[in-house]
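Enquirer: Got a structure for you, written out below as structure tokens; questions coming shortly.
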Amino acid sequence: MKVYVYDLPPRFNSEWLSNERCSKHLFASEVAIQRALLKSEVRTFDPWEADFFFVPVYVSCNFSKVNGFPAIGHARALMASAVDHISSQLPFWNRSLGSDHVFVASHDFGSCFHTMEDAAMADGVPDFLKNSIILQTFGVKHKHPCQDVENVVIPPYVSPESVRTTLEKLPLTGRRDIFAFFRGKMEVHPKNISGRFYSKRVRTAIWRRYGGDRRFYLRRHRFAGYQSEIVRSTFCLCPLGWAPWSPRLVESVALGCVPVIIADGIRLPFPSAVPWSEISLTVAEADVDKLGKILEHVASTNLTSIQRNIWDPQVRRALLYHDPILEGDATWQVLVALSEKLDRSHRRPRVLTQ
């Protein structure tokens, strides 16, 4: 399998790297995948021998000057401009109408390019991308307009260097003195100024029910060293935010804490490489009140087995992006997923008939 990486003008990617957050924040898989592909053995410099065409556009690095969050109102226009550029420079987009072209959409609702679900669903996937392959963090098991396109669910970006640094200080199999952990946004009044309810009120329910429970280490404020808390924890809560996915899923697995997934219908990344049912717990959003009893039951029955599975280095590697690619890592899993879509390759039928 061969992948051609388009050499786009800097305005589509490298110019955004002037802000170092661009390559380090939770949406940085768009940067990490390109960097890994550029050094990969699957890369070809001859587009005529390519099975797939990777279009490296960074749309998550336009950080708001007001709150610091990524603003993606420009994303559709930037993607459309990239498609105009590649379709005018080389014949391959027009040849396949984009069906062998690969993009990354690593934000809340993937290729819908909106941070709010109702707006994302109303607009859906842009027409010019509907024939392509989208690598996106968003995925659910039910029908949803934001996955009405050929897609691969990928993990959000967590720095492998930060994980390694944490584990050098606190070993994976060390003492875990925190029973259940969560640090993050938990609003006492979840309805925001737009009239929407954050986390479908789930995080608020967790705070109200367990905020005073000594078994639960819940914190509502940011702390730069929070990975040191994860590696000390037995269970790490991974409730939905605006979207169902969260970087806590990756951080929990990477640091050996059992992820407790509270996001109904979520599709998880790379199920062929990551045995999610053997390394995590899934709790229905409606069952948050039963969370304490559920965790106590698991702790007294099959916790040891779950921890043995989650501490498998291959499982943890599959969710982290390395530069260059490591066998079995997240970019490797992306390539495995693409290899299962070779029926989209224009080169492949000719090769098979020779």
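For the structure tokens, the naming scheme is as follows: chains receive sequential letters (A, B, ...) according to their order of presentation, residues are indexed from 1 within each chain, and ligands are indexed from 1 in presentation order.
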For the contact check between region 210-302 of chain A and region 106-114 of chain A, emit one row per residue of region 210-302 of chain A within 12 Å, containing the shortest atom pair and the distance in Å rounded to one decimal, counting only C-alpha atoms, chain then rising number order, as JSON lines.
Expert:
```
{"residue": "A:Leu240", "atom": "CA", "partner": "A:Asp108", "partner_atom": "CA", "distance": 10.7}
{"residue": "A:Gly241", "atom": "CA", "partner": "A:Asp108", "partner_atom": "CA", "distance": 9.2}
{"residue": "A:Trp242", "atom": "CA", "partner": "A:Asp108", "partner_atom": "CA", "distance": 7.3}
{"residue": "A:Ala243", "atom": "CA", "partner": "A:Asp108", "partner_atom": "CA", "distance": 5.4}
{"residue": "A:Pro244", "atom": "CA", "partner": "A:Asp108", "partner_atom": "CA", "distance": 8.2}
{"residue": "A:Trp245", "atom": "CA", "partner": "A:Asp108", "partner_atom": "CA", "distance": 7.8}
{"residue": "A:Ser246", "atom": "CA", "partner": "A:Asp108", "partner_atom": "CA", "distance": 9.1}
{"residue": "A:Pro247", "atom": "CA", "partner": "A:His107", "partner_atom": "CA", "distance": 11.2}
```
Enquirer: Mind the document's chain letters and residue numbers, and return as an NGL selection string the residues of region 247-320 of chain A that DSSP labels helix (DSSP H, G or I).
Expert: :A and (247-254 or 276-279 or 285-300 or 303-310 or 313-317)
Enquirer: Can those selected residues be exported to a file as a tab-separated table (two decimals), in the first residue's frame so that it contains N, CA and C atoms?
Expert:
```tsv
chain	number	residue	atom	x	y	z
A	247	PRO	N	-10.19	12.94	25.59
A	247	PRO	CA	-8.80	12.50	25.70
A	247	PRO	C	-8.56	11.66	26.95
A	248	ARG	N	-9.47	11.73	27.92
A	248	ARG	CA	-9.32	10.92	29.14
A	248	ARG	C	-9.30	9.44	28.82
A	249	LEU	N	-9.99	9.05	27.74
A	249	LEU	CA	-9.96	7.64	27.33
A	249	LEU	C	-8.53	7.18	27.07
A	250	VAL	N	-7.81	7.98	26.30
A	250	VAL	CA	-6.44	7.63	25.93
A	250	VAL	C	-5.51	7.74	27.14
A	251	GLU	N	-5.64	8.82	27.89
A	251	GLU	CA	-4.77	9.03	29.05
A	251	GLU	C	-4.96	7.94	30.09
A	252	SER	N	-6.20	7.53	30.30
A	252	SER	CA	-6.47	6.48	31.28
A	252	SER	C	-5.79	5.19	30.89
A	253	VAL	N	-5.98	4.77	29.63
A	253	VAL	CA	-5.37	3.52	29.18
A	253	VAL	C	-3.85	3.62	29.21
A	254	ALA	N	-3.32	4.73	28.71
A	254	ALA	CA	-1.86	4.90	28.64
A	254	ALA	C	-1.21	4.87	30.01
A	276	TRP	N	-11.65	-3.22	24.01
A	276	TRP	CA	-12.28	-2.27	24.94
A	276	TRP	C	-13.10	-2.95	26.02
A	277	SER	N	-13.80	-4.02	25.68
A	277	SER	CA	-14.65	-4.68	26.68
A	277	SER	C	-13.84	-5.35	27.78
A	278	GLU	N	-12.53	-5.57	27.52
A	278	GLU	CA	-11.68	-6.24	28.49
A	278	GLU	C	-10.81	-5.28	29.29
A	279	ILE	N	-10.82	-4.00	28.90
A	279	ILE	CA	-9.95	-3.03	29.59
A	279	ILE	C	-10.71	-1.85	30.17
A	285	GLU	N	-25.51	6.54	30.83
A	285	GLU	CA	-25.67	7.90	31.36
A	285	GLU	C	-26.76	7.94	32.44
A	286	ALA	N	-27.79	7.13	32.26
A	286	ALA	CA	-28.90	7.13	33.22
A	286	ALA	C	-28.56	6.42	34.53
A	287	ASP	N	-27.41	5.71	34.55
A	287	ASP	CA	-27.05	4.92	35.73
A	287	ASP	C	-25.96	5.56	36.58
A	288	VAL	N	-25.76	6.86	36.43
A	288	VAL	CA	-24.72	7.54	37.21
A	288	VAL	C	-24.94	7.37	38.72
A	289	ASP	N	-26.18	7.35	39.15
A	289	ASP	CA	-26.48	7.18	40.59
A	289	ASP	C	-26.00	5.83	41.12
A	290	LYS	N	-25.83	4.86	40.23
A	290	LYS	CA	-25.39	3.52	40.64
A	290	LYS	C	-23.88	3.34	40.50
A	291	LEU	N	-23.18	4.41	40.09
A	291	LEU	CA	-21.77	4.32	39.77
A	291	LEU	C	-20.94	3.76	40.92
A	292	GLY	N	-21.17	4.24	42.13
A	292	GLY	CA	-20.41	3.78	43.28
A	292	GLY	C	-20.52	2.28	43.48
A	293	LYS	N	-21.74	1.76	43.41
A	293	LYS	CA	-21.96	0.32	43.60
A	293	LYS	C	-21.32	-0.48	42.47
A	294	ILE	N	-21.41	0.04	41.24
A	294	ILE	CA	-20.82	-0.67	40.09
A	294	ILE	C	-19.31	-0.80	40.27
A	295	LEU	N	-18.65	0.28	40.64
A	295	LEU	CA	-17.20	0.27	40.80
A	295	LEU	C	-16.77	-0.63	41.96
A	296	GLU	N	-17.51	-0.59	43.04
A	296	GLU	CA	-17.20	-1.45	44.18
A	296	GLU	C	-17.33	-2.91	43.80
A	297	HIS	N	-18.35	-3.24	43.01
A	297	HIS	CA	-18.52	-4.63	42.57
A	297	HIS	C	-17.35	-5.09	41.71
A	298	VAL	N	-16.95	-4.25	40.76
A	298	VAL	CA	-15.82	-4.61	39.89
A	298	VAL	C	-14.54	-4.75	40.71
A	299	ALA	N	-14.33	-3.83	41.64
A	299	ALA	CA	-13.12	-3.87	42.47
A	299	ALA	C	-13.02	-5.16	43.27
A	300	SER	N	-14.16	-5.73	43.63
A	300	SER	CA	-14.15	-6.95	44.45
A	300	SER	C	-14.22	-8.23	43.63
A	303	LEU	N	-11.34	-6.90	38.87
A	303	LEU	CA	-10.43	-5.77	38.66
A	303	LEU	C	-9.04	-6.22	38.25
A	304	THR	N	-8.52	-7.24	38.90
A	304	THR	CA	-7.16	-7.71	38.60
A	304	THR	C	-7.03	-8.12	37.14
A	305	SER	N	-8.04	-8.79	36.61
A	305	SER	CA	-8.01	-9.22	35.21
A	305	SER	C	-8.04	-8.01	34.27
A	306	ILE	N	-8.86	-7.03	34.58
A	306	ILE	CA	-8.95	-5.83	33.74
A	306	ILE	C	-7.61	-5.09	33.75
A	307	GLN	N	-7.01	-4.96	34.91
A	307	GLN	CA	-5.73	-4.26	35.00
A	307	GLN	C	-4.64	-5.00	34.23
A	308	ARG	N	-4.65	-6.31	34.29
A	308	ARG	CA	-3.65	-7.09	33.55
A	308	ARG	C	-3.79	-6.80	32.05
A	309	ASN	N	-5.01	-6.70	31.57
A	309	ASN	CA	-5.25	-6.42	30.15
A	309	ASN	C	-4.83	-5.00	29.78
A	310	ILE	N	-5.15	-4.05	30.64
A	310	ILE	CA	-4.88	-2.64	30.30
A	310	ILE	C	-3.39	-2.34	30.39
A	313	PRO	N	1.47	-3.57	26.97
A	313	PRO	CA	2.09	-2.47	26.22
A	313	PRO	C	1.51	-2.28	24.82
A	314	GLN	N	1.09	-3.37	24.16
A	314	GLN	CA	0.54	-3.26	22.81
A	314	GLN	C	-0.78	-2.51	22.80
A	315	VAL	N	-1.59	-2.73	23.83
A	315	VAL	CA	-2.86	-2.03	23.93
A	315	VAL	C	-2.62	-0.54	24.09
A	316	ARG	N	-1.72	-0.19	24.97
A	316	ARG	CA	-1.44	1.22	25.23
A	316	ARG	C	-0.81	1.90	24.02
A	317	ARG	N	0.07	1.19	23.32
A	317	ARG	CA	0.73	1.77	22.15
A	317	ARG	C	-0.26	2.12	21.05
```
Enquirer: Closest to Tyr58 (chain A) among A:Pro145, A:Pro91, A:Pro10, A:Gly98, using only C-alpha atoms?
Expert: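 Result for the nearest residue to Tyr58 (chain A): A:Pro10.
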Enquirer: Rounded to one decimal, what separation in Å do you get between CA of Ser99 (chain A) and CA of Phe53 (chain A)?
Expert: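 So the answer is 9.4 Å.
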Enquirer: Can I get the residues of region 170-221 of chain A within 12 Å of region 229-232 of chain A, each with the closest pair of atoms and their distance in Å to one decimal, using only C-alpha atoms, sorted chain first then ascending number, as CSV?
Expert:
```
residue,atom,partner,partner_atom,distance
A:Leu170,CA,A:Val231,CA,7.0
A:Pro171,CA,A:Val231,CA,7.8
A:Leu172,CA,A:Val231,CA,6.6
A:Thr173,CA,A:Val231,CA,8.8
A:Gly174,CA,A:Arg232,CA,7.6
A:Arg175,CA,A:Arg232,CA,6.5
A:Arg176,CA,A:Arg232,CA,4.2
A:Asp177,CA,A:Arg232,CA,5.8
A:Ile178,CA,A:Arg232,CA,5.9
A:Phe179,CA,A:Arg232,CA,8.7
A:Ala180,CA,A:Ile230,CA,9.4
A:Phe181,CA,A:Ile230,CA,7.1
A:Phe182,CA,A:Ile230,CA,8.5
A:Arg183,CA,A:Glu229,CA,9.0
A:Tyr217,CA,A:Glu229,CA,9.3
A:Leu218,CA,A:Glu229,CA,10.8
A:Arg219,CA,A:Glu229,CA,10.8
```
Enquirer: Return the single residue from A:Gly225, A:Gly212, A:Pro269, A:Pro70 that is closest to Leu26 (chain A), with distances computed using only C-alpha atoms.
Expert: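 For Leu26 (chain A), the nearest of the given residues is A:Pro70.
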Enquirer: List every residue of region 77-142 of chain A that DSSP, applied to the backbone of this structure, places in strand (DSSP E or B), and write the result as a PyMOL selection string.
Expert: chain A and resi 101-105+133-136+140
Enquirer: Please dump the current selection as a tab-separated table (two decimals), in the first residue's frame; keep N, CA and C atoms.
Expert:
```
chain	number	residue	atom	x	y	z
A	101	HIS	N	-9.07	9.88	-1.29
A	101	HIS	CA	-8.41	10.96	-0.55
A	101	HIS	C	-8.80	10.91	0.93
A	102	VAL	N	-7.81	11.21	1.76
A	102	VAL	CA	-7.95	11.03	3.20
A	102	VAL	C	-7.74	12.38	3.91
A	103	PHE	N	-8.65	12.72	4.81
A	103	PHE	CA	-8.58	13.95	5.60
A	103	PHE	C	-8.67	13.60	7.08
A	104	VAL	N	-8.20	14.50	7.92
A	104	VAL	CA	-8.37	14.36	9.37
A	104	VAL	C	-9.35	15.42	9.85
A	105	ALA	N	-10.31	14.99	10.68
A	105	ALA	CA	-11.25	15.91	11.33
A	105	ALA	C	-11.29	15.53	12.80
A	133	ILE	N	-12.47	9.77	2.58
A	133	ILE	CA	-12.29	9.02	3.83
A	133	ILE	C	-11.88	10.02	4.90
A	134	ILE	N	-12.61	10.02	6.00
A	134	ILE	CA	-12.35	10.97	7.08
A	134	ILE	C	-11.85	10.21	8.31
A	135	LEU	N	-10.69	10.62	8.81
A	135	LEU	CA	-10.18	10.12	10.08
A	135	LEU	C	-10.69	11.07	11.15
A	136	GLN	N	-11.60	10.59	12.00
A	136	GLN	CA	-12.22	11.51	12.94
A	136	GLN	C	-12.37	10.91	14.33
A	140	VAL	N	-20.34	7.36	16.70
A	140	VAL	CA	-21.40	6.77	17.52
A	140	VAL	C	-21.97	5.56	16.78
```
Enquirer: Can you pull out every residue within 8 Å of region 20-25 of chain A, counting only C-alpha atoms, but drop anything in the same chain fewer than 6 positions away, and send it as JSON, numbers by chain?
Expert: {"A": [31, 32, 60, 61, 157, 158, 159]}
Enquirer: For each of A:Thr331, A:Ser96, A:Thr115, A:Ser40, take the minimum atom-to-atom distance to Ser345 (chain A), counting only C-alpha atoms, then give the residue where this is smallest.
Expert: A:Ser96
Enquirer: May I have the residues within 10 Å of Ala337 (chain A) as number ranges by chain, using only C-alpha atoms and disregarding those fewer than 3 positions away in the same chain?
Expert: A: 135, 151-153, 270, 272, 331-334, 340-342
Enquirer: Go through A:Pro56, A:Glu150, A:Ser18, A:Ile262 one by one, measure the shortest atom-to-atom distance of each to Lys200 (chain A) using only C-alpha atoms, and give the residue with the smallest value.
Expert: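 Closest residue, counting only C-alpha atoms: A:Ile262.
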Enquirer: Could you please determine the separation between CA of Val57 (chain A) and CA of Ala77 (chain A) in Å, to one decimal place?
Expert: 11.3 Å
Enquirer: Pick out the closest residue to Ala80 (chain A) from this set: A:Trp48, A:Asn67, A:Phe12, A:Phe27. Count only C-alpha atoms.
Expert: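 That would be A:Phe12, the residue with the smallest distance to Ala80 (chain A).
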